[in-house]
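**Q** Have a look at this one.
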Amino acid sequence: MPEIAWQKSSYSGSGETNCVEIGATPHTLALRESDAPIVVLHTDHPQLTALLRHIKTTTRR
């Protein structure tokens, strides 16, 4: 598997722990949580878009 360049979510704050990171491979997007970096979720653009849309609409306060 190719090396993934990870980018921390802008919602994660300035700390080094407890953040969500996203990276890209040639065929998928990859998501992981900084405190469990070996657990990686692979998805594609439409699925990630649907997930983010769902999170935004169900977590509004």
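Chain labels A, B, ... are given in the sequence in which chains occur in the structure tokens; within each chain residues are numbered consecutively from 1, and ligands are likewise numbered from 1 in the order shown.
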Need to verify the contact set: region 48-50 of chain A, 12 Å, only C-alpha atoms, exclusion of same-chain residues closer than 3 positions in sequence. Can you return it as a ChimeraX atom specification?

**A** /A:22,28-31,41-45,53-57

**Q** Run DSSP on the backbone and give me the residues of chain A it puts in strand (DSSP E), as a list in words.

**A**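 Filtering chain A down to strand (DSSP E) leaves Gln7, Lys8, Val20, Glu21, Ile22, Gly23, Ala24, Leu29, Ala30, Leu31, Arg32, Glu33, Leu41, His42 and Thr43 of chain A.
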
**Q** Just how far from CA of Thr58 (chain A) is CA of His27 (chain A), in Å to one decimal?

**A**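 Separation between CA of His27 (chain A) and CA of Thr58 (chain A): 28.7 Å.
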
**Q** Would you compute the distance between CA of Ile38 (chain A) and CA of Leu52 (chain A)? Give it in Å to one decimal.

**A**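 Taking CA of Ile38 (chain A) as the start and CA of Leu52 (chain A) as the end point, the length is 22.0 Å.
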
**Q** Can you list, as a list in words, every protein, DNA or RNA residue that comes within 12 Å of Pro37 (chain A) when you count only C-alpha atoms, leaving out same-chain residues fewer than 4 positions away?

**A** Ile4, Trp6, Thr17, Asn18, Cys19, Val20, Glu21, Ile22, Gly23, Ala30, Leu31, Arg32, Glu33 and Leu41 of chain A
